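Structure file model_15.csv with CSV, N, CA and C atoms:
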```
chain,number,residue,atom,x,y,z
A,1,MET,N,58.7,186.5,-226.2
A,1,MET,CA,60.1,186.9,-225.9
A,1,MET,C,60.9,187.1,-227.2
A,2,THR,N,60.6,186.3,-228.2
A,2,THR,CA,61.4,186.5,-229.5
A,2,THR,C,61.1,187.8,-230.1
A,3,LEU,N,59.9,188.4,-229.9
A,3,LEU,CA,59.6,189.7,-230.5
A,3,LEU,C,60.5,190.7,-229.8
A,4,ILE,N,60.7,190.6,-228.6
A,4,ILE,CA,61.6,191.6,-227.9
A,4,ILE,C,63.0,191.4,-228.4
A,5,LYS,N,63.5,190.2,-228.6
A,5,LYS,CA,64.8,190.0,-229.1
A,5,LYS,C,65.0,190.6,-230.5
A,6,HIS,N,64.0,190.4,-231.3
A,6,HIS,CA,64.0,191.0,-232.7
A,6,HIS,C,64.1,192.5,-232.6
A,7,PHE,N,63.3,193.0,-231.7
A,7,PHE,CA,63.2,194.5,-231.6
A,7,PHE,C,64.6,195.0,-231.1
A,8,VAL,N,65.2,194.3,-230.2
A,8,VAL,CA,66.5,194.8,-229.7
A,8,VAL,C,67.6,194.7,-230.8
A,9,VAL,N,67.5,193.6,-231.6
A,9,VAL,CA,68.5,193.5,-232.7
A,9,VAL,C,68.3,194.6,-233.7
A,10,ILE,N,67.1,194.8,-234.1
A,10,ILE,CA,66.8,195.9,-235.0
A,10,ILE,C,67.2,197.3,-234.5
A,11,LEU,N,66.9,197.5,-233.2
A,11,LEU,CA,67.3,198.8,-232.6
A,11,LEU,C,68.8,198.9,-232.5
A,12,ALA,N,69.5,197.8,-232.2
A,12,ALA,CA,71.0,197.9,-232.2
A,12,ALA,C,71.5,198.1,-233.6
A,13,PHE,N,71.0,197.5,-234.6
A,13,PHE,CA,71.4,197.7,-236.0
A,13,PHE,C,71.2,199.1,-236.4
A,14,ALA,N,70.0,199.7,-236.1
A,14,ALA,CA,69.7,201.0,-236.4
A,14,ALA,C,70.7,202.0,-235.8
A,15,ALA,N,71.0,201.7,-234.5
A,15,ALA,CA,72.0,202.6,-233.8
A,15,ALA,C,73.4,202.5,-234.4
A,16,ILE,N,73.8,201.4,-234.8
A,16,ILE,CA,75.1,201.2,-235.4
A,16,ILE,C,75.2,201.9,-236.8
A,17,THR,N,74.2,201.7,-237.6
A,17,THR,CA,74.2,202.2,-239.0
A,17,THR,C,73.9,203.7,-238.9
A,18,GLY,N,73.2,204.2,-238.0
A,18,GLY,CA,72.9,205.6,-237.8
A,18,GLY,C,74.1,206.4,-237.5
A,19,CYS,N,75.1,205.8,-236.9
A,19,CYS,CA,76.3,206.5,-236.5
A,19,CYS,C,77.4,206.4,-237.6
A,20,ALA,N,77.1,205.7,-238.7
A,20,ALA,CA,78.1,205.6,-239.7
A,20,ALA,C,78.3,207.0,-240.4
A,21,SER,N,79.6,207.2,-240.7
A,21,SER,CA,79.9,208.5,-241.3
A,21,SER,C,79.6,208.5,-242.8
A,22,LYS,N,79.5,209.7,-243.4
A,22,LYS,CA,79.3,209.8,-244.8
A,22,LYS,C,80.5,209.4,-245.6
A,23,PRO,N,80.4,208.8,-246.7
A,23,PRO,CA,81.6,208.5,-247.5
A,23,PRO,C,82.2,209.8,-248.0
A,24,PRO,N,83.5,209.8,-248.1
A,24,PRO,CA,84.2,211.0,-248.6
A,24,PRO,C,83.8,211.3,-250.1
A,25,THR,N,83.7,212.6,-250.4
A,25,THR,CA,83.4,212.9,-251.8
A,25,THR,C,84.7,213.0,-252.6
A,26,ILE,N,84.5,212.9,-253.9
A,26,ILE,CA,85.7,213.0,-254.8
A,26,ILE,C,86.2,214.4,-254.8
A,27,TYR,N,85.2,215.4,-254.9
A,27,TYR,CA,85.6,216.8,-255.1
A,27,TYR,C,85.5,217.6,-253.8
A,28,TYR,N,86.2,218.7,-253.8
A,28,TYR,CA,86.1,219.7,-252.7
A,28,TYR,C,85.0,220.7,-253.2
A,29,TRP,N,83.9,220.7,-252.5
A,29,TRP,CA,82.8,221.5,-252.9
A,29,TRP,C,82.8,222.9,-252.2
A,30,GLY,N,83.3,222.9,-251.0
A,30,GLY,CA,83.4,224.2,-250.3
A,30,GLY,C,82.1,225.0,-250.3
A,31,ASN,N,82.2,226.2,-250.7
A,31,ASN,CA,81.0,227.1,-250.8
A,31,ASN,C,80.4,227.2,-252.2
A,32,TYR,N,80.9,226.4,-253.1
A,32,TYR,CA,80.5,226.5,-254.5
A,32,TYR,C,79.0,226.4,-254.7
A,33,GLN,N,78.4,225.4,-254.2
A,33,GLN,CA,76.9,225.2,-254.4
A,33,GLN,C,76.1,226.4,-253.9
A,34,GLY,N,76.5,226.9,-252.7
A,34,GLY,CA,75.8,228.1,-252.1
A,34,GLY,C,76.0,229.3,-252.9
A,35,GLN,N,77.2,229.5,-253.5
A,35,GLN,CA,77.5,230.6,-254.3
A,35,GLN,C,76.7,230.6,-255.6
A,36,VAL,N,76.6,229.5,-256.2
A,36,VAL,CA,75.8,229.3,-257.4
A,36,VAL,C,74.4,229.7,-257.1
A,37,TYR,N,73.9,229.1,-256.0
A,37,TYR,CA,72.5,229.4,-255.6
A,37,TYR,C,72.2,230.8,-255.4
A,38,GLU,N,73.1,231.5,-254.7
A,38,GLU,CA,72.9,232.9,-254.4
A,38,GLU,C,73.0,233.7,-255.7
A,39,HIS,N,73.9,233.3,-256.6
A,39,HIS,CA,74.1,234.1,-257.9
A,39,HIS,C,72.8,233.9,-258.7
A,40,LEU,N,72.2,232.7,-258.8
A,40,LEU,CA,71.0,232.5,-259.5
A,40,LEU,C,69.8,233.2,-258.9
A,41,LYS,N,69.8,233.3,-257.6
A,41,LYS,CA,68.7,234.0,-256.9
A,41,LYS,C,68.8,235.5,-257.2
A,42,GLY,N,70.0,236.0,-257.5
A,42,GLY,CA,70.2,237.4,-257.7
A,42,GLY,C,70.5,238.1,-256.4
A,43,SER,N,70.9,237.4,-255.4
A,43,SER,CA,71.1,238.1,-254.1
A,43,SER,C,72.6,238.3,-253.8
A,44,VAL,N,73.4,238.2,-254.8
A,44,VAL,CA,74.8,238.5,-254.6
A,44,VAL,C,75.0,240.0,-254.9
A,45,GLU,N,75.6,240.6,-253.9
A,45,GLU,CA,75.8,242.1,-254.0
A,45,GLU,C,76.8,242.5,-255.0
A,46,SER,N,77.9,241.7,-255.1
A,46,SER,CA,79.0,242.0,-256.0
A,46,SER,C,79.7,240.7,-256.5
A,47,PRO,N,80.0,240.7,-257.8
A,47,PRO,CA,80.7,239.5,-258.2
A,47,PRO,C,82.0,239.3,-257.6
A,48,ASP,N,82.7,240.4,-257.2
A,48,ASP,CA,84.0,240.3,-256.5
A,48,ASP,C,83.9,239.5,-255.2
A,49,GLY,N,82.8,239.7,-254.5
A,49,GLY,CA,82.6,239.1,-253.2
A,49,GLY,C,82.5,237.6,-253.3
A,50,GLY,N,81.7,237.1,-254.3
A,50,GLY,CA,81.6,235.7,-254.6
A,50,GLY,C,82.9,235.1,-255.1
A,51,ALA,N,83.7,235.9,-255.9
A,51,ALA,CA,85.0,235.4,-256.4
A,51,ALA,C,86.0,235.2,-255.2
A,52,VAL,N,85.9,236.1,-254.3
A,52,VAL,CA,86.9,236.0,-253.1
A,52,VAL,C,86.6,234.7,-252.4
A,53,ILE,N,85.3,234.4,-252.2
A,53,ILE,CA,84.9,233.2,-251.5
A,53,ILE,C,85.4,231.9,-252.2
A,54,LEU,N,85.2,231.9,-253.6
A,54,LEU,CA,85.6,230.8,-254.4
A,54,LEU,C,87.1,230.7,-254.4
A,55,GLU,N,87.8,231.8,-254.5
A,55,GLU,CA,89.3,231.8,-254.5
A,55,GLU,C,89.8,231.2,-253.2
A,56,ALA,N,89.2,231.5,-252.1
A,56,ALA,CA,89.6,230.9,-250.8
A,56,ALA,C,89.4,229.4,-250.8
A,57,ASP,N,88.3,229.0,-251.4
A,57,ASP,CA,88.0,227.5,-251.5
A,57,ASP,C,89.0,226.8,-252.3
A,58,ILE,N,89.5,227.5,-253.3
A,58,ILE,CA,90.6,226.9,-254.2
A,58,ILE,C,91.8,226.5,-253.3
A,59,GLU,N,92.1,227.4,-252.4
A,59,GLU,CA,93.3,227.2,-251.6
A,59,GLU,C,93.0,226.0,-250.6
A,60,LYS,N,91.8,226.0,-250.1
A,60,LYS,CA,91.4,224.9,-249.2
A,60,LYS,C,91.4,223.6,-249.9
A,61,ALA,N,91.0,223.5,-251.1
A,61,ALA,CA,91.0,222.3,-251.9
A,61,ALA,C,92.4,221.8,-252.2
A,62,ARG,N,93.3,222.8,-252.5
A,62,ARG,CA,94.7,222.4,-252.6
A,62,ARG,C,95.3,221.8,-251.4
A,63,ALA,N,94.9,222.5,-250.2
A,63,ALA,CA,95.4,222.0,-248.9
A,63,ALA,C,95.0,220.6,-248.6
A,64,GLU,N,93.7,220.2,-249.0
A,64,GLU,CA,93.2,218.9,-248.8
A,64,GLU,C,93.6,217.9,-249.9
A,65,GLY,N,94.2,218.4,-251.0
A,65,GLY,CA,94.6,217.6,-252.1
A,65,GLY,C,93.4,217.0,-252.9
A,66,LYS,N,92.3,217.8,-252.9
A,66,LYS,CA,91.1,217.4,-253.7
A,66,LYS,C,90.9,218.3,-254.9
A,67,PRO,N,90.4,217.7,-256.0
A,67,PRO,CA,90.0,218.5,-257.1
A,67,PRO,C,88.7,219.3,-256.9
A,68,LEU,N,88.5,220.3,-257.7
A,68,LEU,CA,87.3,221.1,-257.7
A,68,LEU,C,86.3,220.4,-258.6
A,69,PRO,N,85.0,220.6,-258.3
A,69,PRO,CA,84.0,220.0,-259.1
A,69,PRO,C,83.8,220.6,-260.5
A,70,PRO,N,83.1,219.9,-261.4
A,70,PRO,CA,82.8,220.5,-262.7
A,70,PRO,C,82.0,221.8,-262.6
A,71,GLY,N,82.4,222.8,-263.3
A,71,GLY,CA,81.7,224.0,-263.3
A,71,GLY,C,82.3,225.1,-262.4
A,72,TYR,N,83.1,224.6,-261.5
A,72,TYR,CA,83.7,225.5,-260.5
A,72,TYR,C,84.5,226.7,-261.2
A,73,HIS,N,85.4,226.3,-262.0
A,73,HIS,CA,86.2,227.4,-262.7
A,73,HIS,C,85.4,228.2,-263.7
A,74,ALA,N,84.4,227.5,-264.3
A,74,ALA,CA,83.5,228.3,-265.2
A,74,ALA,C,82.7,229.3,-264.4
A,75,HIS,N,82.2,229.0,-263.3
A,75,HIS,CA,81.4,229.9,-262.5
A,75,HIS,C,82.3,231.1,-262.0
A,76,LEU,N,83.5,230.7,-261.6
A,76,LEU,CA,84.5,231.7,-261.1
A,76,LEU,C,84.8,232.7,-262.3
A,77,GLY,N,84.9,232.1,-263.5
A,77,GLY,CA,85.2,232.9,-264.7
A,77,GLY,C,84.0,233.8,-265.0
A,78,LEU,N,82.8,233.3,-264.8
A,78,LEU,CA,81.6,234.2,-264.9
A,78,LEU,C,81.6,235.3,-264.0
A,79,LEU,N,82.0,235.1,-262.7
A,79,LEU,CA,82.0,236.2,-261.7
A,79,LEU,C,83.1,237.2,-262.2
A,80,TYR,N,84.2,236.7,-262.6
A,80,TYR,CA,85.3,237.6,-263.1
A,80,TYR,C,84.8,238.4,-264.3
A,81,GLY,N,84.1,237.8,-265.2
A,81,GLY,CA,83.6,238.5,-266.3
A,81,GLY,C,82.6,239.6,-265.9
A,82,ASN,N,81.7,239.3,-265.0
A,82,ASN,CA,80.8,240.3,-264.5
A,82,ASN,C,81.5,241.4,-263.7
A,83,ALA,N,82.7,241.2,-263.2
A,83,ALA,CA,83.4,242.2,-262.5
A,83,ALA,C,84.3,243.0,-263.4
A,84,GLY,N,84.3,242.6,-264.7
A,84,GLY,CA,85.2,243.3,-265.7
A,84,GLY,C,86.6,242.8,-265.7
A,85,ARG,N,86.8,241.7,-265.2
A,85,ARG,CA,88.2,241.1,-265.2
A,85,ARG,C,88.3,240.1,-266.3
A,86,ALA,N,88.4,240.6,-267.6
A,86,ALA,CA,88.4,239.7,-268.8
A,86,ALA,C,89.5,238.7,-268.8
A,87,GLU,N,90.7,239.0,-268.5
A,87,GLU,CA,91.8,238.1,-268.6
A,87,GLU,C,91.6,237.0,-267.5
A,88,ASP,N,91.2,237.3,-266.3
A,88,ASP,CA,91.0,236.3,-265.3
A,88,ASP,C,89.8,235.4,-265.7
A,89,MET,N,88.8,235.9,-266.4
A,89,MET,CA,87.7,235.1,-266.9
A,89,MET,C,88.2,234.1,-267.9
A,90,LYS,N,88.9,234.6,-268.9
A,90,LYS,CA,89.4,233.7,-269.9
A,90,LYS,C,90.3,232.6,-269.3
A,91,GLN,N,91.1,232.9,-268.3
A,91,GLN,CA,92.0,231.9,-267.7
A,91,GLN,C,91.2,230.8,-267.0
A,92,GLN,N,90.1,231.2,-266.3
A,92,GLN,CA,89.3,230.3,-265.6
A,92,GLN,C,88.5,229.4,-266.5
A,93,LEU,N,88.0,229.9,-267.7
A,93,LEU,CA,87.3,229.1,-268.6
A,93,LEU,C,88.3,228.1,-269.3
A,94,GLU,N,89.5,228.5,-269.5
A,94,GLU,CA,90.5,227.6,-270.1
A,94,GLU,C,90.9,226.5,-269.1
A,95,ILE,N,90.9,226.8,-267.8
A,95,ILE,CA,91.2,225.8,-266.8
A,95,ILE,C,90.0,224.8,-266.7
A,96,GLU,N,88.8,225.3,-266.8
A,96,GLU,CA,87.6,224.4,-266.9
A,96,GLU,C,87.7,223.5,-268.1
A,97,ARG,N,88.0,224.0,-269.2
A,97,ARG,CA,88.1,223.2,-270.4
A,97,ARG,C,89.2,222.2,-270.3
A,98,ALA,N,90.3,222.5,-269.7
A,98,ALA,CA,91.4,221.6,-269.5
A,98,ALA,C,91.1,220.5,-268.5
A,99,ASN,N,90.4,220.8,-267.4
A,99,ASN,CA,90.0,219.9,-266.4
A,99,ASN,C,88.9,218.9,-266.8
A,100,PHE,N,88.0,219.5,-267.6
A,100,PHE,CA,86.8,218.7,-268.0
A,100,PHE,C,86.7,218.8,-269.5
A,101,PRO,N,87.3,218.0,-270.3
A,101,PRO,CA,87.3,218.1,-271.7
A,101,PRO,C,85.9,218.1,-272.3
A,102,GLU,N,85.0,217.5,-271.7
A,102,GLU,CA,83.6,217.4,-272.2
A,102,GLU,C,83.0,218.8,-272.2
A,103,SER,N,83.5,219.7,-271.5
A,103,SER,CA,83.0,221.1,-271.5
A,103,SER,C,83.6,222.0,-272.6
A,104,ALA,N,84.6,221.5,-273.3
A,104,ALA,CA,85.3,222.3,-274.3
A,104,ALA,C,84.5,223.0,-275.3
A,105,THR,N,83.5,222.4,-275.8
A,105,THR,CA,82.6,223.0,-276.8
A,105,THR,C,81.9,224.2,-276.2
A,106,PHE,N,81.4,224.1,-275.0
A,106,PHE,CA,80.7,225.2,-274.3
A,106,PHE,C,81.6,226.3,-273.9
A,107,MET,N,82.8,225.9,-273.4
A,107,MET,CA,83.8,226.9,-273.0
A,107,MET,C,84.3,227.7,-274.2
A,108,ASP,N,84.5,227.0,-275.4
A,108,ASP,CA,84.9,227.7,-276.6
A,108,ASP,C,83.8,228.6,-277.1
A,109,PHE,N,82.5,228.2,-276.9
A,109,PHE,CA,81.4,229.1,-277.3
A,109,PHE,C,81.4,230.3,-276.5
A,110,ILE,N,81.6,230.2,-275.2
A,110,ILE,CA,81.6,231.4,-274.3
A,110,ILE,C,82.7,232.3,-274.7
A,111,LEU,N,83.9,231.7,-274.9
A,111,LEU,CA,85.1,232.5,-275.2
A,111,LEU,C,85.0,233.2,-276.5
A,112,THR,N,84.4,232.5,-277.5
A,112,THR,CA,84.2,233.1,-278.8
A,112,THR,C,83.3,234.3,-278.8
A,113,ASN,N,82.2,234.1,-278.1
A,113,ASN,CA,81.2,235.2,-278.0
A,113,ASN,C,81.7,236.3,-277.1
A,114,PHE,N,82.5,236.0,-276.1
A,114,PHE,CA,83.1,237.1,-275.3
A,114,PHE,C,84.1,237.9,-276.1
A,115,ASN,N,84.9,237.2,-276.9
A,115,ASN,CA,85.9,237.9,-277.8
A,115,ASN,C,85.2,238.8,-278.8
A,116,LYS,N,84.0,238.5,-279.2
A,116,LYS,CA,83.3,239.3,-280.2
A,116,LYS,C,82.8,240.6,-279.5
A,117,GLN,N,82.7,240.6,-278.2
A,117,GLN,CA,82.2,241.8,-277.5
A,117,GLN,C,83.4,242.8,-277.3
A,118,ASP,N,84.6,242.3,-277.3
A,118,ASP,CA,85.8,243.1,-277.0
A,118,ASP,C,86.0,244.1,-278.1
```

The structure given in the file should be rewritten as C-alpha coordinates.
Amino acid sequence: MTLIKHFVVILAFAAITGCASKPPTIYYWGNYQGQVYEHLKGSVESPDGGAVILEADIEKARAEGKPLPPGYHAHLGLLYGNAGRAEDMKQQLEIERANFPESATFMDFILTNFNKQD
(Lines of atoms letter the chains of each structure in order from A and count residues from 1; the text may use other names and numbers.)
(Lines give C-alpha, C1' and ligand atoms only; values in the text may rest on other atoms or scores of the structure.)
Protein backbone atom coordinates (compact mmCIF):
# COMPACT_ATOMS: atom_id res chain seq x y z
CA MET A 1 0.00 0.00 0.00
CA THR A 2 2.83 2.44 0.75
CA LEU A 3 4.19 1.92 -2.75
CA ILE A 4 0.90 3.15 -4.17
CA LYS A 5 0.94 6.19 -1.86
CA HIS A 6 4.47 7.06 -2.93
CA PHE A 7 3.49 6.67 -6.57
CA VAL A 8 0.49 8.99 -6.09
CA VAL A 9 2.63 11.61 -4.32
CA ILE A 10 5.28 11.48 -7.06
CA LEU A 11 2.61 11.67 -9.75
CA ALA A 12 0.95 14.66 -8.04
CA PHE A 13 4.32 16.42 -7.67
CA ALA A 14 5.12 15.81 -11.34
CA ALA A 15 1.74 17.18 -12.37
CA ILE A 16 2.17 20.32 -10.28
CA THR A 17 5.71 21.07 -11.42
CA GLY A 18 4.90 20.21 -15.02
CA CYS A 19 2.31 22.98 -15.09
CA ALA A 20 4.69 25.62 -13.78
CA SER A 21 5.29 28.48 -16.16
CA LYS A 22 8.69 29.51 -17.45
CA PRO A 23 10.38 32.32 -15.59
CA PRO A 24 10.27 35.61 -17.47
CA THR A 25 13.36 36.55 -19.44
CA ILE A 26 15.29 39.77 -18.93
CA TYR A 27 15.35 40.64 -22.61
CA TYR A 28 12.76 40.83 -25.34
CA TRP A 29 13.98 38.32 -27.91
CA GLY A 30 11.14 38.45 -30.43
CA ASN A 31 12.33 37.18 -33.82
CA TYR A 32 15.99 38.00 -33.22
CA GLN A 33 17.34 34.47 -32.88
CA GLY A 34 15.39 33.25 -35.90
CA GLN A 35 16.61 36.19 -37.98
CA VAL A 36 20.25 35.55 -37.06
CA TYR A 37 19.83 31.86 -37.88
CA GLU A 38 18.26 32.60 -41.26
CA HIS A 39 20.95 35.17 -42.04
CA LEU A 40 23.76 32.72 -41.21
CA LYS A 41 22.09 30.01 -43.29
CA GLY A 42 22.01 32.42 -46.19
CA SER A 43 18.30 31.96 -46.70
CA VAL A 44 17.33 35.62 -46.21
CA GLU A 45 16.15 37.02 -49.52
CA SER A 46 16.85 40.67 -48.69
CA PRO A 47 18.44 42.47 -45.75
CA ASP A 48 15.54 44.93 -45.79
CA GLY A 49 13.08 42.15 -45.01
CA GLY A 50 15.01 41.10 -41.93
CA ALA A 51 15.41 44.71 -40.87
CA VAL A 52 11.67 45.30 -41.05
CA ILE A 53 11.03 42.31 -38.78
CA LEU A 54 13.63 43.47 -36.26
CA GLU A 55 12.31 47.04 -36.36
CA ALA A 56 8.83 45.73 -35.52
CA ASP A 57 10.30 43.80 -32.60
CA ILE A 58 11.90 47.00 -31.28
CA GLU A 59 8.43 48.53 -31.02
CA LYS A 60 7.10 45.41 -29.27
CA ALA A 61 9.99 45.49 -26.80
CA ARG A 62 9.25 49.14 -26.02
CA ALA A 63 5.59 48.30 -25.50
CA GLU A 64 6.53 45.56 -23.02
CA GLY A 65 9.17 47.75 -21.37
CA LYS A 66 11.92 45.17 -21.93
CA PRO A 67 15.44 45.78 -23.22
CA LEU A 68 16.75 44.11 -26.35
CA PRO A 69 19.42 41.42 -26.01
CA PRO A 70 23.13 41.89 -26.71
CA GLY A 71 23.88 41.87 -30.42
CA TYR A 72 20.39 42.94 -31.48
CA HIS A 73 21.33 46.42 -32.64
CA ALA A 74 24.62 45.17 -34.09
CA HIS A 75 22.77 42.62 -36.22
CA LEU A 76 20.25 45.23 -37.32
CA GLY A 77 23.20 47.47 -38.22
CA LEU A 78 24.69 44.64 -40.27
CA LEU A 79 21.41 44.29 -42.16
CA TYR A 80 21.34 48.03 -42.78
CA GLY A 81 24.93 47.93 -44.02
CA ASN A 82 24.11 45.09 -46.41
CA ALA A 83 21.17 47.13 -47.71
CA GLY A 84 23.39 50.17 -48.34
CA ARG A 85 21.95 52.20 -45.46
CA ALA A 86 25.28 53.42 -44.03
CA GLU A 87 23.95 56.06 -41.63
CA ASP A 88 21.38 53.67 -40.15
CA MET A 89 24.12 51.06 -39.75
CA LYS A 90 26.37 53.48 -37.87
CA GLN A 91 23.50 54.53 -35.63
CA GLN A 92 22.69 50.92 -34.70
CA LEU A 93 26.32 50.09 -33.95
CA GLU A 94 26.55 53.14 -31.71
CA ILE A 95 23.39 52.08 -29.89
CA GLU A 96 24.90 48.61 -29.39
CA ARG A 97 28.09 50.16 -28.01
CA ALA A 98 26.11 52.40 -25.63
CA ASN A 99 23.86 49.60 -24.37
CA PHE A 100 26.66 47.06 -23.96
CA PRO A 101 29.97 48.83 -23.22
CA GLU A 102 31.83 45.52 -23.37
CA SER A 103 31.15 45.51 -27.12
CA ALA A 104 32.79 48.93 -27.64
CA THR A 105 36.08 47.58 -29.00
CA PHE A 106 34.35 45.41 -31.56
CA MET A 107 31.84 48.09 -32.57
CA ASP A 108 34.71 50.59 -32.98
CA PHE A 109 36.57 48.05 -35.11
CA ILE A 110 33.57 47.59 -37.39
CA LEU A 111 32.95 51.33 -37.66
CA THR A 112 36.61 52.07 -38.39
CA ASN A 113 36.79 49.45 -41.14
CA PHE A 114 33.47 50.57 -42.55
CA ASN A 115 34.67 54.17 -42.66
CA LYS A 116 37.77 53.06 -44.61
CA GLN A 117 35.47 51.68 -47.32
CA ASP A 118 33.66 55.03 -47.75

Do a neighbour search on stretch 82-93 of chain A at 8 Å with only N, CA and C atoms, toss out local chain neighbours closer than 2 positions, and write the hits as a list in words. Ser46, Pro47, Asp48, Tyr72, His73, Ala74, His75, Leu76, Gly77, Leu78, Leu79, Tyr80, Ile95, Glu96, Arg97, Ala98, Asn99, Met107, Asp108 and Leu111 of chain A

The distance between atom CA of A:Phe114 and atom CA of A:Arg62 is 29.4 Å

Coordinates-based distance that separates atom CA of A:Lys66 from atom C of A:Lys22 (Å, one decimal):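 Spanning atom C of A:Lys22 to atom CA of A:Lys66 is a straight-line distance of 15.6 Å.
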
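As for atom CA of A:Leu54 and atom N of A:Ile110, they are spaced 21.2 Å apart.
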
Give me the residues near A:Gly65 as a ChimeraX atom specification, where near means some atom within 8 Å (using only N, CA and C atoms) and where sequence neighbours in that chain fewer than 6 positions away do not count. /A:26-28,59

Just list as a count of residues only whatever in chain A DSSP marks as alpha helix (DSSP H). 84

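Residue nearest A:Gly30 within the list A:Ala63, A:Ala51, A:Ala56, A:Val44: A:Ala56 [criterion: smallest interatomic distance, only C-alpha atoms].
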